[in-house]
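Student: You'll find query39.pdb just under this line, and it carries PDB, C-alpha atoms.
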```pdb
ATOM      1  CA  MET A   1     -48.714 -29.189 -39.676
ATOM      2  CA  SER A   2     -47.948 -30.910 -36.382
ATOM      3  CA  LEU A   3     -48.941 -29.511 -33.015
ATOM      4  CA  PHE A   4     -45.764 -30.903 -31.527
ATOM      5  CA  ASN A   5     -42.355 -29.689 -32.511
ATOM      6  CA  PHE A   6     -40.262 -32.793 -31.920
ATOM      7  CA  GLY A   7     -36.609 -32.661 -32.869
ATOM      8  CA  LYS A   8     -36.423 -28.883 -33.011
ATOM      9  CA  LYS A   9     -34.908 -27.026 -30.117
ATOM     10  CA  LYS A  10     -36.042 -23.565 -29.315
ATOM     11  CA  GLU A  11     -33.167 -21.070 -29.195
ATOM     12  CA  GLU A  12     -32.878 -19.523 -25.761
ATOM     13  CA  ASN A  13     -30.615 -16.846 -24.427
ATOM     14  CA  SER A  14     -28.393 -18.099 -21.655
ATOM     15  CA  SER A  15     -29.096 -15.988 -18.628
ATOM     16  CA  CYS A  16     -29.981 -16.703 -15.062
ATOM     17  CA  CYS A  17     -33.032 -15.804 -13.023
ATOM     18  CA  CYS A  18     -31.712 -12.386 -12.046
ATOM     19  CA  GLY A  19     -30.715 -11.481 -15.595
ATOM     20  CA  SER A  20     -27.185 -10.396 -14.687
ATOM     21  CA  CYS A  21     -25.276 -13.646 -15.157
ATOM     22  CA  ASP A  22     -23.239 -12.805 -18.234
ATOM     23  CA  ALA A  23     -19.852 -14.410 -18.845
ATOM     24  CA  GLU A  24     -17.933 -11.532 -17.285
ATOM     25  CA  SER A  25     -19.929 -11.452 -14.034
ATOM     26  CA  MET A  26     -19.761 -15.241 -13.724
ATOM     27  CA  ALA A  27     -15.961 -15.181 -14.187
ATOM     28  CA  ARG A  28     -15.684 -12.458 -11.554
ATOM     29  CA  ALA A  29     -17.887 -14.500  -9.209
ATOM     30  CA  GLU A  30     -15.750 -17.594  -9.766
ATOM     31  CA  ASN A  31     -12.659 -15.613  -8.765
ATOM     32  CA  GLU A  32     -14.441 -14.303  -5.663
ATOM     33  CA  LYS A  33     -15.019 -17.878  -4.469
ATOM     34  CA  THR A  34     -11.336 -18.436  -3.786
ATOM     35  CA  GLY A  35     -10.418 -15.020  -2.446
ATOM     36  CA  GLY A  36     -11.522 -12.878   0.438
ATOM     37  CA  ALA A  37     -12.924 -14.001   3.766
ATOM     38  CA  SER A  38     -12.830 -17.676   4.591
ATOM     39  CA  VAL A  39     -16.351 -17.584   6.070
ATOM     40  CA  LYS A  40     -19.156 -16.303   3.881
ATOM     41  CA  VAL A  41     -22.905 -16.005   4.194
ATOM     42  CA  LEU A  42     -24.733 -16.150   0.877
ATOM     43  CA  GLY A  43     -28.117 -14.476   0.654
ATOM     44  CA  SER A  44     -30.084 -11.416  -0.293
ATOM     45  CA  GLY A  45     -29.802  -9.729   3.086
ATOM     46  CA  CYS A  46     -33.168 -10.931   4.392
ATOM     47  CA  ALA A  47     -33.858 -11.615   8.067
ATOM     48  CA  LYS A  48     -32.846 -15.295   7.797
ATOM     49  CA  CYS A  49     -29.557 -14.389   6.109
ATOM     50  CA  ASN A  50     -28.820 -11.888   8.863
ATOM     51  CA  GLN A  51     -29.659 -14.494  11.531
ATOM     52  CA  LEU A  52     -27.180 -16.928   9.957
ATOM     53  CA  GLU A  53     -24.517 -14.212   9.840
ATOM     54  CA  ALA A  54     -25.104 -13.431  13.543
ATOM     55  CA  ALA A  55     -24.837 -17.136  14.437
ATOM     56  CA  ALA A  56     -21.609 -17.450  12.443
ATOM     57  CA  LYS A  57     -20.134 -14.366  14.167
ATOM     58  CA  ALA A  58     -21.075 -15.761  17.578
ATOM     59  CA  ALA A  59     -19.542 -19.141  16.695
ATOM     60  CA  LEU A  60     -16.283 -17.528  15.569
ATOM     61  CA  GLU A  61     -16.121 -15.477  18.771
ATOM     62  CA  GLN A  62     -16.878 -18.559  20.886
ATOM     63  CA  LEU A  63     -14.011 -20.421  19.211
ATOM     64  CA  GLY A  64     -11.688 -17.441  19.523
ATOM     65  CA  LEU A  65     -11.160 -17.264  15.770
ATOM     66  CA  ASN A  66     -10.327 -13.862  14.341
ATOM     67  CA  THR A  67     -11.983 -14.452  10.978
ATOM     68  CA  SER A  68     -14.113 -11.912   9.185
ATOM     69  CA  ILE A  69     -17.429 -12.832   7.609
ATOM     70  CA  ASP A  70     -18.258 -11.736   4.088
ATOM     71  CA  HIS A  71     -21.974 -11.387   3.328
ATOM     72  CA  VAL A  72     -22.416 -12.066  -0.394
ATOM     73  CA  THR A  73     -25.613 -10.619  -1.853
ATOM     74  CA  ASP A  74     -24.705 -10.617  -5.559
ATOM     75  CA  PHE A  75     -26.782 -13.310  -7.265
ATOM     76  CA  SER A  76     -24.106 -14.155  -9.842
ATOM     77  CA  GLN A  77     -21.608 -14.799  -7.028
ATOM     78  CA  ILE A  78     -24.159 -16.929  -5.171
ATOM     79  CA  ALA A  79     -24.863 -18.885  -8.372
ATOM     80  CA  ALA A  80     -21.119 -19.507  -8.797
ATOM     81  CA  TYR A  81     -21.281 -21.602  -5.626
ATOM     82  CA  GLY A  82     -24.151 -23.645  -7.080
ATOM     83  CA  VAL A  83     -26.482 -22.431  -4.342
ATOM     84  CA  MET A  84     -30.138 -22.160  -5.274
ATOM     85  CA  THR A  85     -31.596 -21.827  -1.763
ATOM     86  CA  THR A  86     -30.407 -19.214   0.691
ATOM     87  CA  PRO A  87     -29.206 -18.511   3.264
ATOM     88  CA  ALA A  88     -26.041 -20.509   2.762
ATOM     89  CA  LEU A  89     -22.828 -20.781   4.731
ATOM     90  CA  VAL A  90     -19.461 -21.170   2.998
ATOM     91  CA  VAL A  91     -16.292 -22.068   4.893
ATOM     92  CA  ASP A  92     -12.940 -21.997   3.087
ATOM     93  CA  GLY A  93     -14.653 -22.014  -0.318
ATOM     94  CA  LYS A  94     -16.916 -24.987   0.443
ATOM     95  CA  VAL A  95     -20.695 -24.729   0.866
ATOM     96  CA  VAL A  96     -21.392 -26.364   4.232
ATOM     97  CA  SER A  97     -25.064 -25.449   4.635
ATOM     98  CA  TYR A  98     -27.866 -23.975   2.548
ATOM     99  CA  GLY A  99     -31.566 -23.300   2.846
ATOM    100  CA  LYS A 100     -31.710 -22.985   6.620
ATOM    101  CA  VAL A 101     -30.634 -20.826   9.519
ATOM    102  CA  LEU A 102     -28.085 -22.653  11.617
ATOM    103  CA  LYS A 103     -27.863 -22.132  15.359
ATOM    104  CA  THR A 104     -24.589 -20.933  16.850
ATOM    105  CA  GLU A 105     -23.854 -24.415  18.239
ATOM    106  CA  GLU A 106     -24.311 -25.951  14.780
ATOM    107  CA  VAL A 107     -21.879 -23.468  13.236
ATOM    108  CA  VAL A 108     -19.373 -24.179  16.034
ATOM    109  CA  LYS A 109     -19.509 -27.907  15.236
ATOM    110  CA  ILE A 110     -19.027 -27.258  11.516
ATOM    111  CA  LEU A 111     -16.068 -24.956  12.118
ATOM    112  CA  GLN A 112     -14.441 -27.422  14.532
ATOM    113  CA  LYS A 113     -14.830 -30.208  12.021
ATOM    114  CA  LEU A 114     -13.385 -28.226   9.107
ATOM    115  CA  ARG A 115     -10.529 -26.509  10.946
TER     116      ARG A 115
END
```
The structure in this file should be written as structure tokens.
Tutor:
Amino acid sequence: MSLFNFGKKKEENSSCCCGSCDAESMARAENEKTGGASVKVLGSGCAKCNQLEAAAKAALEQLGLNTSIDHVTDFSQIAAYGVMTTPALVVDGKVVSYGKVLKTEEVVKILQKLR
């Protein structure tokens, strides 16, 4: 009997880290990417996520844009964006930043570039 099990794959259930990424929730999350607010903050609701949301709100106000911000905390929706490190900022369905808290000026530059 060999100690190594070459050539045989171990059967694994397909689920994500949070355990709630079934096919239905992933499909719902994929649909959420294209609908709703055009500026989204992805994250669990921690202090850094809230700081990014505040910076995004300030940037939108500074630019005179009347756009709402959607704070996405559902892990299956966050995973649908391919984001593994939060907080993340999504503008018009595109992830423009992840893993750091942007300053208001940085968000302003991003919004000016994309709009």
Student: Could you list, as a list of chain:residue names, every residue matched by the PyMOL selection byres ((chain A and resi 94-107) around 8) in this structure?
Tutor: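 Checked against the file, the PyMOL selection byres ((chain A and resi 94-107) around 8) matches A:Lys48, A:Cys49, A:Gln51, A:Leu52, A:Ala55, A:Ala56, A:Ala58, A:Ala59, A:Tyr81, A:Val83, A:Thr85, A:Thr86, A:Pro87, A:Ala88, A:Leu89, A:Val90, A:Val91, A:Asp92, A:Gly93, A:Val108, A:Lys109, A:Ile110, A:Leu111.
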Student: Find the residues around range 62-67 of chain A up to 9 Å (all atoms listed in the file counted), leave out those fewer than 5 positions away in its own chain, and share them as number ranges by chain.
Tutor: A: 37-39, 57, 108, 111-112
Student: Include C-alpha atoms and write out the residues we just selected as a CSV table (one decimal), in the frame of the given file.
Tutor:
```csv
chain,number,residue,atom,x,y,z
A,37,ALA,CA,-12.9,-14.0,3.8
A,38,SER,CA,-12.8,-17.7,4.6
A,39,VAL,CA,-16.4,-17.6,6.1
A,57,LYS,CA,-20.1,-14.4,14.2
A,108,VAL,CA,-19.4,-24.2,16.0
A,111,LEU,CA,-16.1,-25.0,12.1
A,112,GLN,CA,-14.4,-27.4,14.5
```
Student: Please report the interatomic distance between CA of Asp74 in chain A and CA of Lys40 in chain A in Å with one decimal.
Tutor: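 According to the coordinates, CA of Asp74 in chain A and CA of Lys40 in chain A are separated by 12.3 Å.
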Student: May I ask for the distance between CA of Lys113 in chain A and CA of Ser76 in chain A, given in Å to one decimal place?
Tutor: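 Separation between CA of Lys113 in chain A and CA of Ser76 in chain A: 28.7 Å.
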Student: Quick one: distance from CA of Leu60 in chain A to CA of Arg115 in chain A in Å, one decimal?
Tutor: 11.6 Å
Student: When you count all atoms listed in the file, which of these residues is closest to Gly45 in chain A: A:Glu61, A:Ala79, A:Val72, A:Met84?
Tutor: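 Under the stated criterion, the closest residue is A:Val72.
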Student: In file coordinates, which residues lie within 7 Å of (-20.3, -13.5, 1.5) using all atoms listed in the file, given as a list of chain:residue names?
Tutor: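 The distance filter leaves exactly A:Lys40, A:Val41, A:Leu42, A:Ile69, A:Asp70, A:His71, A:Val72, A:Thr73.
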Student: For range 56-81 of chain A, which lacks atoms in the input, supply N, CA and C atoms and format the output as a PDB file, in the coordinates of the input.
Tutor:
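Contents of out_21.pdb, as written:
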```
ATOM      1  N   ALA A  56     -22.985 -17.184  12.859  1.00  0.00           N
ATOM      2  CA  ALA A  56     -21.609 -17.450  12.443  1.00  0.00           C
ATOM      3  C   ALA A  56     -20.632 -16.562  13.211  1.00  0.00           C
ATOM      4  N   LYS A  57     -20.990 -15.286  13.399  1.00  0.00           N
ATOM      5  CA  LYS A  57     -20.134 -14.366  14.167  1.00  0.00           C
ATOM      6  C   LYS A  57     -19.990 -14.854  15.608  1.00  0.00           C
ATOM      7  N   ALA A  58     -21.101 -15.268  16.201  1.00  0.00           N
ATOM      8  CA  ALA A  58     -21.075 -15.761  17.578  1.00  0.00           C
ATOM      9  C   ALA A  58     -20.224 -17.025  17.679  1.00  0.00           C
ATOM     10  N   ALA A  59     -20.322 -17.902  16.692  1.00  0.00           N
ATOM     11  CA  ALA A  59     -19.542 -19.141  16.695  1.00  0.00           C
ATOM     12  C   ALA A  59     -18.051 -18.834  16.583  1.00  0.00           C
ATOM     13  N   LEU A  60     -17.687 -17.898  15.723  1.00  0.00           N
ATOM     14  CA  LEU A  60     -16.283 -17.528  15.569  1.00  0.00           C
ATOM     15  C   LEU A  60     -15.730 -16.925  16.859  1.00  0.00           C
ATOM     16  N   GLU A  61     -16.538 -16.071  17.501  1.00  0.00           N
ATOM     17  CA  GLU A  61     -16.121 -15.477  18.771  1.00  0.00           C
ATOM     18  C   GLU A  61     -15.958 -16.556  19.841  1.00  0.00           C
ATOM     19  N   GLN A  62     -16.908 -17.485  19.888  1.00  0.00           N
ATOM     20  CA  GLN A  62     -16.878 -18.559  20.886  1.00  0.00           C
ATOM     21  C   GLN A  62     -15.622 -19.413  20.725  1.00  0.00           C
ATOM     22  N   LEU A  63     -15.189 -19.613  19.474  1.00  0.00           N
ATOM     23  CA  LEU A  63     -14.011 -20.421  19.211  1.00  0.00           C
ATOM     24  C   LEU A  63     -12.715 -19.605  19.267  1.00  0.00           C
ATOM     25  N   GLY A  64     -12.860 -18.304  19.454  1.00  0.00           N
ATOM     26  CA  GLY A  64     -11.688 -17.441  19.523  1.00  0.00           C
ATOM     27  C   GLY A  64     -10.986 -17.257  18.187  1.00  0.00           C
ATOM     28  N   LEU A  65     -11.728 -17.420  17.104  1.00  0.00           N
ATOM     29  CA  LEU A  65     -11.160 -17.264  15.770  1.00  0.00           C
ATOM     30  C   LEU A  65     -11.345 -15.824  15.298  1.00  0.00           C
ATOM     31  N   ASN A  66     -10.281 -15.233  14.836  1.00  0.00           N
ATOM     32  CA  ASN A  66     -10.327 -13.862  14.341  1.00  0.00           C
ATOM     33  C   ASN A  66     -10.508 -13.891  12.828  1.00  0.00           C
ATOM     34  N   THR A  67     -11.669 -14.331  12.400  1.00  0.00           N
ATOM     35  CA  THR A  67     -11.983 -14.452  10.978  1.00  0.00           C
ATOM     36  C   THR A  67     -13.151 -13.545  10.656  1.00  0.00           C
ATOM     37  N   SER A  68     -13.014 -12.777   9.586  1.00  0.00           N
ATOM     38  CA  SER A  68     -14.113 -11.912   9.185  1.00  0.00           C
ATOM     39  C   SER A  68     -15.146 -12.723   8.394  1.00  0.00           C
ATOM     40  N   ILE A  69     -16.345 -12.199   8.357  1.00  0.00           N
ATOM     41  CA  ILE A  69     -17.429 -12.832   7.609  1.00  0.00           C
ATOM     42  C   ILE A  69     -17.799 -11.914   6.460  1.00  0.00           C
ATOM     43  N   ASP A  70     -17.860 -12.476   5.278  1.00  0.00           N
ATOM     44  CA  ASP A  70     -18.258 -11.736   4.088  1.00  0.00           C
ATOM     45  C   ASP A  70     -19.699 -12.116   3.774  1.00  0.00           C
ATOM     46  N   HIS A  71     -20.573 -11.126   3.678  1.00  0.00           N
ATOM     47  CA  HIS A  71     -21.974 -11.387   3.328  1.00  0.00           C
ATOM     48  C   HIS A  71     -22.142 -11.107   1.838  1.00  0.00           C
ATOM     49  N   VAL A  72     -22.322 -12.163   1.059  1.00  0.00           N
ATOM     50  CA  VAL A  72     -22.416 -12.066  -0.394  1.00  0.00           C
ATOM     51  C   VAL A  72     -23.881 -11.950  -0.792  1.00  0.00           C
ATOM     52  N   THR A  73     -24.231 -10.837  -1.426  1.00  0.00           N
ATOM     53  CA  THR A  73     -25.613 -10.619  -1.853  1.00  0.00           C
ATOM     54  C   THR A  73     -25.764 -10.632  -3.372  1.00  0.00           C
ATOM     55  N   ASP A  74     -24.666 -10.625  -4.097  1.00  0.00           N
ATOM     56  CA  ASP A  74     -24.705 -10.617  -5.559  1.00  0.00           C
ATOM     57  C   ASP A  74     -25.133 -11.994  -6.067  1.00  0.00           C
ATOM     58  N   PHE A  75     -26.213 -12.032  -6.834  1.00  0.00           N
ATOM     59  CA  PHE A  75     -26.782 -13.310  -7.265  1.00  0.00           C
ATOM     60  C   PHE A  75     -25.848 -14.097  -8.178  1.00  0.00           C
ATOM     61  N   SER A  76     -25.029 -13.418  -8.985  1.00  0.00           N
ATOM     62  CA  SER A  76     -24.106 -14.155  -9.842  1.00  0.00           C
ATOM     63  C   SER A  76     -23.022 -14.823  -9.005  1.00  0.00           C
ATOM     64  N   GLN A  77     -22.588 -14.181  -7.917  1.00  0.00           N
ATOM     65  CA  GLN A  77     -21.608 -14.799  -7.028  1.00  0.00           C
ATOM     66  C   GLN A  77     -22.224 -15.983  -6.286  1.00  0.00           C
ATOM     67  N   ILE A  78     -23.469 -15.832  -5.855  1.00  0.00           N
ATOM     68  CA  ILE A  78     -24.159 -16.929  -5.171  1.00  0.00           C
ATOM     69  C   ILE A  78     -24.315 -18.114  -6.121  1.00  0.00           C
ATOM     70  N   ALA A  79     -24.691 -17.830  -7.370  1.00  0.00           N
ATOM     71  CA  ALA A  79     -24.863 -18.885  -8.372  1.00  0.00           C
ATOM     72  C   ALA A  79     -23.547 -19.600  -8.657  1.00  0.00           C
ATOM     73  N   ALA A  80     -22.428 -18.889  -8.547  1.00  0.00           N
ATOM     74  CA  ALA A  80     -21.119 -19.507  -8.797  1.00  0.00           C
ATOM     75  C   ALA A  80     -20.828 -20.618  -7.786  1.00  0.00           C
ATOM     76  N   TYR A  81     -21.436 -20.548  -6.632  1.00  0.00           N
ATOM     77  CA  TYR A  81     -21.281 -21.602  -5.626  1.00  0.00           C
ATOM     78  C   TYR A  81     -22.251 -22.760  -5.871  1.00  0.00           C
TER      79      TYR A  81
END
```
